[in-house]
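**Q** Coordinates in input-v2.cif, mmCIF, C-alpha atoms, are listed below.
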```cif
data_target
loop_
_atom_site.group_PDB
_atom_site.id
_atom_site.type_symbol
_atom_site.label_atom_id
_atom_site.label_comp_id
_atom_site.auth_asym_id
_atom_site.auth_seq_id
_atom_site.Cartn_x
_atom_site.Cartn_y
_atom_site.Cartn_z
ATOM 1 C CA MET A 1 -51.480 -5.546 -12.902
ATOM 2 C CA GLU A 2 -52.480 -8.681 -11.037
ATOM 3 C CA PRO A 3 -49.884 -11.493 -10.975
ATOM 4 C CA LEU A 4 -50.453 -14.168 -13.622
ATOM 5 C CA THR A 5 -49.615 -17.835 -13.789
ATOM 6 C CA GLU A 6 -48.074 -19.574 -16.774
ATOM 7 C CA GLN A 7 -51.395 -21.320 -17.437
ATOM 8 C CA GLU A 8 -53.336 -18.026 -17.378
ATOM 9 C CA ILE A 9 -50.846 -16.475 -19.790
ATOM 10 C CA ARG A 10 -50.993 -19.372 -22.255
ATOM 11 C CA ALA A 11 -54.817 -19.362 -22.215
ATOM 12 C CA ALA A 12 -54.958 -15.594 -22.893
ATOM 13 C CA PHE A 13 -53.457 -15.555 -26.424
ATOM 14 C CA VAL A 14 -55.857 -14.301 -29.092
ATOM 15 C CA ASN A 15 -53.693 -14.392 -32.213
ATOM 16 C CA CYS A 16 -52.086 -17.823 -32.153
ATOM 17 C CA THR A 17 -53.319 -21.389 -31.927
ATOM 18 C CA LYS A 18 -53.550 -23.268 -28.635
ATOM 19 C CA GLY A 19 -50.631 -25.423 -29.805
ATOM 20 C CA GLU A 20 -48.490 -22.358 -30.515
ATOM 21 C CA ALA A 21 -49.423 -20.873 -27.140
ATOM 22 C CA LYS A 22 -48.481 -24.149 -25.457
ATOM 23 C CA ARG A 23 -45.027 -24.161 -27.107
ATOM 24 C CA LEU A 24 -44.059 -20.515 -26.644
ATOM 25 C CA SER A 25 -41.496 -19.510 -24.053
ATOM 26 C CA VAL A 26 -43.064 -18.000 -20.908
ATOM 27 C CA PRO A 27 -40.751 -16.234 -18.422
ATOM 28 C CA ARG A 28 -39.628 -18.476 -15.557
ATOM 29 C CA ASP A 29 -39.408 -15.548 -13.135
ATOM 30 C CA LEU A 30 -43.115 -14.684 -12.977
ATOM 31 C CA ALA A 31 -43.067 -14.644 -9.160
ATOM 32 C CA ASP A 32 -40.227 -12.075 -9.221
ATOM 33 C CA ARG A 33 -41.840 -9.625 -11.649
ATOM 34 C CA PRO A 34 -42.727 -6.149 -10.268
ATOM 35 C CA TRP A 35 -46.475 -6.752 -10.773
ATOM 36 C CA ASP A 36 -47.530 -3.623 -8.869
ATOM 37 C CA ASP A 37 -45.550 -1.499 -11.346
ATOM 38 C CA LEU A 38 -46.670 -3.282 -14.529
ATOM 39 C CA ASP A 39 -49.431 -2.058 -16.812
ATOM 40 C CA TYR A 40 -48.788 -5.100 -18.987
ATOM 41 C CA LEU A 41 -46.411 -8.046 -18.999
ATOM 42 C CA GLY A 42 -44.062 -8.039 -21.972
ATOM 43 C CA TRP A 43 -41.059 -10.193 -22.851
ATOM 44 C CA ARG A 44 -38.907 -11.392 -25.725
ATOM 45 C CA ASP A 45 -38.411 -15.082 -26.403
ATOM 46 C CA PRO A 46 -34.797 -15.891 -25.421
ATOM 47 C CA GLN A 47 -34.631 -18.693 -28.027
ATOM 48 C CA ALA A 48 -36.071 -16.517 -30.823
ATOM 49 C CA PRO A 49 -35.151 -12.810 -30.443
ATOM 50 C CA ASP A 50 -37.558 -11.821 -33.228
ATOM 51 C CA ARG A 51 -40.519 -13.051 -31.129
ATOM 52 C CA ALA A 52 -42.077 -11.044 -28.325
ATOM 53 C CA TYR A 53 -45.236 -11.343 -26.268
ATOM 54 C CA LEU A 54 -47.510 -8.889 -24.515
ATOM 55 C CA VAL A 55 -50.199 -9.689 -21.903
ATOM 56 C CA THR A 56 -52.579 -7.085 -20.504
ATOM 57 C CA GLU A 57 -55.670 -7.049 -18.325
ATOM 58 C CA TRP A 58 -58.736 -6.596 -20.470
ATOM 59 C CA SER A 59 -61.781 -4.536 -19.535
ATOM 60 C CA ASP A 60 -63.508 -7.679 -18.220
ATOM 61 C CA GLY A 61 -60.612 -8.253 -15.793
ATOM 62 C CA ARG A 62 -59.248 -11.273 -17.664
ATOM 63 C CA PRO A 63 -55.839 -11.288 -19.326
ATOM 64 C CA ARG A 64 -55.514 -10.925 -23.084
ATOM 65 C CA ALA A 65 -52.230 -11.756 -24.799
ATOM 66 C CA VAL A 66 -50.780 -11.185 -28.256
ATOM 67 C CA ALA A 67 -47.809 -12.729 -30.008
ATOM 68 C CA LEU A 68 -45.529 -10.227 -31.757
ATOM 69 C CA ARG A 69 -42.729 -10.348 -34.321
ATOM 70 C CA SER A 70 -40.012 -7.746 -34.471
ATOM 71 C CA SER A 71 -36.571 -7.086 -35.696
ATOM 72 C CA ALA A 72 -33.831 -7.804 -33.196
ATOM 73 C CA PRO A 73 -32.975 -4.765 -31.070
ATOM 74 C CA ALA A 74 -30.561 -2.534 -32.936
ATOM 75 C CA PHE A 75 -27.373 -1.925 -30.964
ATOM 76 C CA GLY A 76 -25.233 1.095 -31.709
ATOM 77 C CA GLN A 77 -28.014 2.904 -33.558
ATOM 78 C CA THR A 78 -27.871 6.660 -32.934
ATOM 79 C CA ARG A 79 -31.240 7.729 -34.318
ATOM 80 C CA ARG A 80 -33.815 8.352 -31.575
ATOM 81 C CA SER A 81 -37.236 6.754 -31.890
ATOM 82 C CA MET A 82 -40.337 7.090 -29.730
ATOM 83 C CA CYS A 83 -42.412 4.252 -28.328
ATOM 84 C CA THR A 84 -46.080 4.686 -29.265
ATOM 85 C CA MET A 85 -47.208 3.063 -26.024
ATOM 86 C CA CYS A 86 -45.347 5.046 -23.324
ATOM 87 C CA LEU A 87 -43.894 7.925 -25.386
ATOM 88 C CA THR A 88 -40.340 7.227 -24.235
ATOM 89 C CA THR A 89 -37.602 8.010 -26.759
ATOM 90 C CA HIS A 90 -34.626 5.709 -27.152
ATOM 91 C CA SER A 91 -31.489 5.524 -29.262
ATOM 92 C CA GLY A 92 -31.941 2.097 -30.804
ATOM 93 C CA GLY A 93 -34.344 0.944 -28.080
ATOM 94 C CA VAL A 94 -37.601 1.002 -30.052
ATOM 95 C CA SER A 95 -38.663 -1.789 -32.427
ATOM 96 C CA LEU A 96 -41.479 -2.144 -34.905
ATOM 97 C CA MET A 97 -43.550 -4.946 -33.380
ATOM 98 C CA VAL A 98 -46.068 -6.627 -35.650
ATOM 99 C CA ALA A 99 -48.901 -8.859 -34.470
ATOM 100 C CA PRO A 100 -50.976 -11.071 -36.745
ATOM 101 C CA LYS A 101 -54.649 -10.216 -36.325
ATOM 102 C CA ALA A 102 -56.848 -12.723 -34.517
ATOM 103 C CA GLY A 103 -59.116 -15.113 -36.386
ATOM 104 C CA LYS A 104 -59.715 -15.253 -40.107
ATOM 105 C CA ALA A 105 -58.070 -11.867 -40.749
ATOM 106 C CA GLY A 106 -54.815 -13.170 -39.276
ATOM 107 C CA GLN A 107 -55.065 -16.386 -41.276
ATOM 108 C CA GLN A 108 -55.312 -14.204 -44.384
ATOM 109 C CA GLY A 109 -52.058 -12.467 -43.423
ATOM 110 C CA ASN A 110 -53.444 -9.248 -41.936
ATOM 111 C CA SER A 111 -51.435 -7.727 -39.113
ATOM 112 C CA VAL A 112 -51.150 -4.677 -36.893
ATOM 113 C CA GLY A 113 -47.879 -2.941 -36.050
ATOM 114 C CA ALA A 114 -46.624 -0.393 -33.543
ATOM 115 C CA TYR A 115 -43.294 1.013 -32.433
ATOM 116 C CA ILE A 116 -42.757 -0.301 -28.895
ATOM 117 C CA CYS A 117 -39.852 -0.228 -26.424
ATOM 118 C CA SER A 118 -37.615 -3.120 -27.522
ATOM 119 C CA ASP A 119 -37.441 -4.488 -23.983
ATOM 120 C CA LEU A 120 -41.232 -4.091 -23.491
ATOM 121 C CA ALA A 121 -40.626 -2.231 -20.223
ATOM 122 C CA CYS A 122 -42.904 0.750 -20.901
ATOM 123 C CA SER A 123 -44.441 0.589 -17.413
ATOM 124 C CA LEU A 124 -41.031 0.950 -15.791
ATOM 125 C CA TYR A 125 -39.988 3.854 -18.041
ATOM 126 C CA VAL A 126 -43.217 5.741 -17.295
ATOM 127 C CA ARG A 127 -42.710 5.309 -13.554
ATOM 128 C CA GLY A 128 -39.023 6.297 -13.725
ATOM 129 C CA LYS A 129 -37.921 2.855 -12.484
ATOM 130 C CA ARG A 130 -35.871 2.215 -15.619
ATOM 131 C CA ASP A 131 -33.743 4.860 -17.304
ATOM 132 C CA ALA A 132 -33.650 5.172 -21.078
ATOM 133 C CA GLY A 133 -31.003 7.890 -20.977
ATOM 134 C CA ILE A 134 -30.861 11.660 -21.179
ATOM 135 C CA GLY A 135 -33.842 13.165 -22.964
ATOM 136 C CA ALA A 136 -35.771 9.898 -23.029
ATOM 137 C CA ARG A 137 -38.779 11.286 -21.188
ATOM 138 C CA LEU A 138 -40.155 14.585 -22.425
ATOM 139 C CA HIS A 139 -41.220 17.080 -19.776
ATOM 140 C CA GLU A 140 -44.980 16.896 -19.385
ATOM 141 C CA THR A 141 -47.341 18.724 -17.084
ATOM 142 C CA ILE A 142 -49.650 15.740 -16.568
ATOM 143 C CA THR A 143 -49.448 13.591 -13.456
ATOM 144 C CA LEU A 144 -47.879 10.156 -13.203
ATOM 145 C CA GLU A 145 -51.362 8.632 -12.922
ATOM 146 C CA GLU A 146 -52.373 10.332 -16.183
ATOM 147 C CA LYS A 147 -49.228 9.028 -17.898
ATOM 148 C CA ILE A 148 -50.032 5.527 -16.656
ATOM 149 C CA ARG A 149 -53.649 5.808 -17.896
ATOM 150 C CA ARG A 150 -52.392 6.986 -21.288
ATOM 151 C CA THR A 151 -49.997 4.035 -21.552
ATOM 152 C CA VAL A 152 -52.747 1.594 -20.530
ATOM 153 C CA ALA A 153 -55.091 3.140 -23.124
ATOM 154 C CA ASN A 154 -52.443 2.919 -25.866
ATOM 155 C CA VAL A 155 -51.747 -0.750 -25.083
ATOM 156 C CA ALA A 156 -55.484 -1.526 -24.942
ATOM 157 C CA ALA A 157 -56.051 0.166 -28.307
ATOM 158 C CA PHE A 158 -53.239 -1.878 -29.887
ATOM 159 C CA VAL A 159 -54.519 -5.166 -28.432
ATOM 160 C CA ALA A 160 -58.065 -4.272 -29.545
ATOM 161 C CA LYS A 161 -56.850 -3.778 -33.138
ATOM 162 C CA VAL A 162 -55.178 -7.204 -33.003
ATOM 163 C CA SER A 163 -58.249 -8.843 -31.452
ATOM 164 C CA THR A 164 -60.861 -7.607 -33.930
ATOM 165 C CA ALA A 165 -61.363 -9.351 -37.222
#
```
So, in terms of structure tokens, how does the structure I just supplied come out?
**A**
Amino acid sequence: MEPLTEQEIRAAFVNCTKGEAKRLSVPRDLADRPWDDLDYLGWRDPQAPDRAYLVTEWSDGRPRAVALRSSAPAFGQTRRSMCTMCLTTHSGGVSLMVAPKAGKAGQQGNSVGAYICSDLACSLYVRGKRDAGIGARLHETITLEEKIRRTVANVAAFVAKVSTA
């Protein structure tokens, strides 16, 4: 993923108003992010743990961002769940993230949900740069590049569902 500025991120939101995008908490460490290893930029709002944000490059090369709501990460949970984006399993490290749809559908209360890694670090799990524990990554015969393409496609499909009315 290409590095993004705070201004580019704020302008990319499709499912919140410009005022909401202006007020949301953008990470201060953008320059330190591992951009070459990211398929999307994801973070939780430190002031509001139930809010999360996801920014991805769209097919036209421009960023597209969605605001998400989720439950706070569950600590001490023993049940394993699988992220629908990167297919990593976690004990308590997957959250149901819900995004209001863009436009009129979102204003009417329609939303889209997916189970996503609570820390939004799918790209790092796929590449083996972050460890989710024993048994977190199932053995697959596809290449790393294919796993990355699958993750990118899953994220794009989710963002497309949010973006369409």
**Q** Near Met1 (chain A), within 8 Å and counting only C-alpha atoms, which residues show up once chain neighbours fewer than 5 positions away are dropped, as a short mmCIF file (atom, residue, chain, number, x, y, z; two decimals) with C-alpha atoms, keeping the file's coordinate frame?
**A**
```cif
data_model
loop_
_atom_site.label_atom_id
_atom_site.label_comp_id
_atom_site.auth_asym_id
_atom_site.auth_seq_id
_atom_site.Cartn_x
_atom_site.Cartn_y
_atom_site.Cartn_z
CA TRP A 35 -46.48 -6.75 -10.77
CA ASP A 36 -47.53 -3.62 -8.87
CA ASP A 37 -45.55 -1.50 -11.35
CA LEU A 38 -46.67 -3.28 -14.53
CA ASP A 39 -49.43 -2.06 -16.81
CA TYR A 40 -48.79 -5.10 -18.99
CA THR A 56 -52.58 -7.08 -20.50
CA GLU A 57 -55.67 -7.05 -18.32
#
```
**Q** Just so the selection is clear, what residues does the PyMOL selection byres ((chain A and resi 145-150) around 12) cover here, as a compact mmCIF listing (two decimals) with C-alpha atoms, keeping the file's coordinate frame?
**A**
```txt
# COMPACT_ATOMS: atom_id res chain seq x y z
CA MET A 1 -51.48 -5.55 -12.90
CA ASP A 37 -45.55 -1.50 -11.35
CA LEU A 38 -46.67 -3.28 -14.53
CA ASP A 39 -49.43 -2.06 -16.81
CA TYR A 40 -48.79 -5.10 -18.99
CA THR A 84 -46.08 4.69 -29.26
CA MET A 85 -47.21 3.06 -26.02
CA CYS A 86 -45.35 5.05 -23.32
CA LEU A 87 -43.89 7.92 -25.39
CA THR A 88 -40.34 7.23 -24.24
CA CYS A 122 -42.90 0.75 -20.90
CA SER A 123 -44.44 0.59 -17.41
CA LEU A 124 -41.03 0.95 -15.79
CA TYR A 125 -39.99 3.85 -18.04
CA VAL A 126 -43.22 5.74 -17.30
CA ARG A 127 -42.71 5.31 -13.55
CA GLY A 128 -39.02 6.30 -13.72
CA ARG A 137 -38.78 11.29 -21.19
CA LEU A 138 -40.16 14.58 -22.42
CA HIS A 139 -41.22 17.08 -19.78
CA GLU A 140 -44.98 16.90 -19.39
CA THR A 141 -47.34 18.72 -17.08
CA ILE A 142 -49.65 15.74 -16.57
CA THR A 143 -49.45 13.59 -13.46
CA LEU A 144 -47.88 10.16 -13.20
CA THR A 151 -50.00 4.04 -21.55
CA VAL A 152 -52.75 1.59 -20.53
CA ALA A 153 -55.09 3.14 -23.12
CA ASN A 154 -52.44 2.92 -25.87
CA VAL A 155 -51.75 -0.75 -25.08
CA ALA A 156 -55.48 -1.53 -24.94
CA ALA A 157 -56.05 0.17 -28.31
```
**Q** Nearest to Glu8 (chain A): which of A:Leu96, A:Ala132, A:Ala31, A:Ala65 is it, counting only C-alpha atoms?
**A** A:Ala65
**Q** Rank A:Lys161, A:Arg28, A:His90, A:Arg23 by their smallest atom-to-atom distance to Ile134 (chain A), using only C-alpha atoms, and report the top residue only.
**A**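 Ranking A:Lys161, A:Arg28, A:His90, A:Arg23 by distance to Ile134 (chain A), first place goes to A:His90.
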**Q** For Ala102 (chain A), work out the shell of residues within 9 Å, counting all atoms listed in the file and skipping chain neighbours fewer than 2 positions away, then give it as an mmCIF file with C-alpha atoms, in the frame of the given file.
**A**
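And here's around.cif as it stands now:
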```
data_model
loop_
_atom_site.group_PDB
_atom_site.id
_atom_site.type_symbol
_atom_site.label_atom_id
_atom_site.label_comp_id
_atom_site.auth_asym_id
_atom_site.auth_seq_id
_atom_site.Cartn_x
_atom_site.Cartn_y
_atom_site.Cartn_z
ATOM 1 C CA VAL A 14 -55.857 -14.301 -29.092
ATOM 2 C CA ASN A 15 -53.693 -14.392 -32.213
ATOM 3 C CA CYS A 16 -52.086 -17.823 -32.153
ATOM 4 C CA VAL A 66 -50.780 -11.185 -28.256
ATOM 5 C CA ALA A 99 -48.901 -8.859 -34.470
ATOM 6 C CA PRO A 100 -50.976 -11.071 -36.745
ATOM 7 C CA LYS A 104 -59.715 -15.253 -40.107
ATOM 8 C CA ALA A 105 -58.070 -11.867 -40.749
ATOM 9 C CA GLY A 106 -54.815 -13.170 -39.276
ATOM 10 C CA GLN A 107 -55.065 -16.386 -41.276
ATOM 11 C CA ASN A 110 -53.444 -9.248 -41.936
ATOM 12 C CA SER A 111 -51.435 -7.727 -39.113
ATOM 13 C CA VAL A 162 -55.178 -7.204 -33.003
ATOM 14 C CA SER A 163 -58.249 -8.843 -31.452
ATOM 15 C CA THR A 164 -60.861 -7.607 -33.930
ATOM 16 C CA ALA A 165 -61.363 -9.351 -37.222
#
```
**Q** Tell me which of A:Ser95, A:Ser118, A:Ser70, A:Thr17 sits closest to Asp50 (chain A), counting all atoms listed in the file.
**A**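 Using all atoms listed in the file, Asp50 (chain A) sits closest to A:Ser70.
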**Q** Take CA of Gln108 (chain A) and CA of Arg69 (chain A) and report the distance between them in Å, one decimal.
**A**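 About the pair CA of Gln108 (chain A) and CA of Arg69 (chain A): they are 16.6 Å apart.
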**Q** Between CA of Ala136 (chain A) and CA of Thr89 (chain A), what is the spacing in Å?
**A**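 For CA of Thr89 (chain A) relative to CA of Ala136 (chain A), the distance reads 4.6 Å.
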**Q** From the options A:Gly42, A:Gly93, A:Pro63, A:Pro49, which residue's atoms come nearest to Leu4 (chain A), counting all atoms listed in the file?
**A** A:Pro63
**Q** Give me, please, the distance in Å between CA of Arg80 (chain A) and CA of Gly92 (chain A), quoted to one decimal.
**A**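 We find that CA of Arg80 (chain A) and CA of Gly92 (chain A) lie 6.6 Å from each other.
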**Q** If you apply the PyMOL selection byres ((chain A and resi 117) around 6) to this file, what residues do you get, as a PyMOL selection string?
**A** chain A and resi 83+93-94+116+118-120
**Q** Please dump the current selection as a PDB file, in the coordinates of the input; keep C-alpha atoms.
**A**
```
ATOM      1  CA  CYS A  83     -42.412   4.252 -28.328  1.00  0.00           C
ATOM      2  CA  GLY A  93     -34.344   0.944 -28.080  1.00  0.00           C
ATOM      3  CA  VAL A  94     -37.601   1.002 -30.052  1.00  0.00           C
ATOM      4  CA  ILE A 116     -42.757  -0.301 -28.895  1.00  0.00           C
ATOM      5  CA  SER A 118     -37.615  -3.120 -27.522  1.00  0.00           C
ATOM      6  CA  ASP A 119     -37.441  -4.488 -23.983  1.00  0.00           C
ATOM      7  CA  LEU A 120     -41.232  -4.091 -23.491  1.00  0.00           C
TER       8      LEU A 120
END
```
**Q** So which residues get picked by the PyMOL selection byres ((chain A and resi 24-27) around 10) here, written as a list in words?
**A**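 Checking the PyMOL selection byres ((chain A and resi 24-27) around 10) against this file, the residues are Thr5, Glu6, Gln7, Ile9, Arg10, Gly19, Glu20, Ala21, Lys22, Arg23, Arg28, Asp29, Leu30, Ala31, Arg33, Leu41, Gly42, Trp43, Arg44, Asp45, Pro46, Gln47, Ala48, Arg51, Ala52, Tyr53 and Ala67 of chain A.
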**Q** Give me a file of those residues, with C-alpha atoms, as a PDB file, keeping the file's coordinate frame.
**A**
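This is the output file part_12.pdb:
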```
ATOM      1  CA  THR A   5     -49.615 -17.835 -13.789  1.00  0.00           C
ATOM      2  CA  GLU A   6     -48.074 -19.574 -16.774  1.00  0.00           C
ATOM      3  CA  GLN A   7     -51.395 -21.320 -17.437  1.00  0.00           C
ATOM      4  CA  ILE A   9     -50.846 -16.475 -19.790  1.00  0.00           C
ATOM      5  CA  ARG A  10     -50.993 -19.372 -22.255  1.00  0.00           C
ATOM      6  CA  GLY A  19     -50.631 -25.423 -29.805  1.00  0.00           C
ATOM      7  CA  GLU A  20     -48.490 -22.358 -30.515  1.00  0.00           C
ATOM      8  CA  ALA A  21     -49.423 -20.873 -27.140  1.00  0.00           C
ATOM      9  CA  LYS A  22     -48.481 -24.149 -25.457  1.00  0.00           C
ATOM     10  CA  ARG A  23     -45.027 -24.161 -27.107  1.00  0.00           C
ATOM     11  CA  ARG A  28     -39.628 -18.476 -15.557  1.00  0.00           C
ATOM     12  CA  ASP A  29     -39.408 -15.548 -13.135  1.00  0.00           C
ATOM     13  CA  LEU A  30     -43.115 -14.684 -12.977  1.00  0.00           C
ATOM     14  CA  ALA A  31     -43.067 -14.644  -9.160  1.00  0.00           C
ATOM     15  CA  ARG A  33     -41.840  -9.625 -11.649  1.00  0.00           C
ATOM     16  CA  LEU A  41     -46.411  -8.046 -18.999  1.00  0.00           C
ATOM     17  CA  GLY A  42     -44.062  -8.039 -21.972  1.00  0.00           C
ATOM     18  CA  TRP A  43     -41.059 -10.193 -22.851  1.00  0.00           C
ATOM     19  CA  ARG A  44     -38.907 -11.392 -25.725  1.00  0.00           C
ATOM     20  CA  ASP A  45     -38.411 -15.082 -26.403  1.00  0.00           C
ATOM     21  CA  PRO A  46     -34.797 -15.891 -25.421  1.00  0.00           C
ATOM     22  CA  GLN A  47     -34.631 -18.693 -28.027  1.00  0.00           C
ATOM     23  CA  ALA A  48     -36.071 -16.517 -30.823  1.00  0.00           C
ATOM     24  CA  ARG A  51     -40.519 -13.051 -31.129  1.00  0.00           C
ATOM     25  CA  ALA A  52     -42.077 -11.044 -28.325  1.00  0.00           C
ATOM     26  CA  TYR A  53     -45.236 -11.343 -26.268  1.00  0.00           C
ATOM     27  CA  ALA A  67     -47.809 -12.729 -30.008  1.00  0.00           C
TER      28      ALA A  67
END
```
**Q** Which is closest to Gly133 (chain A) among A:Phe158, A:Gly109, A:Ser91, A:Ala12, if we use only C-alpha atoms?
**A**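 Among A:Phe158, A:Gly109, A:Ser91, A:Ala12, it is A:Ser91 that comes nearest to Gly133 (chain A).
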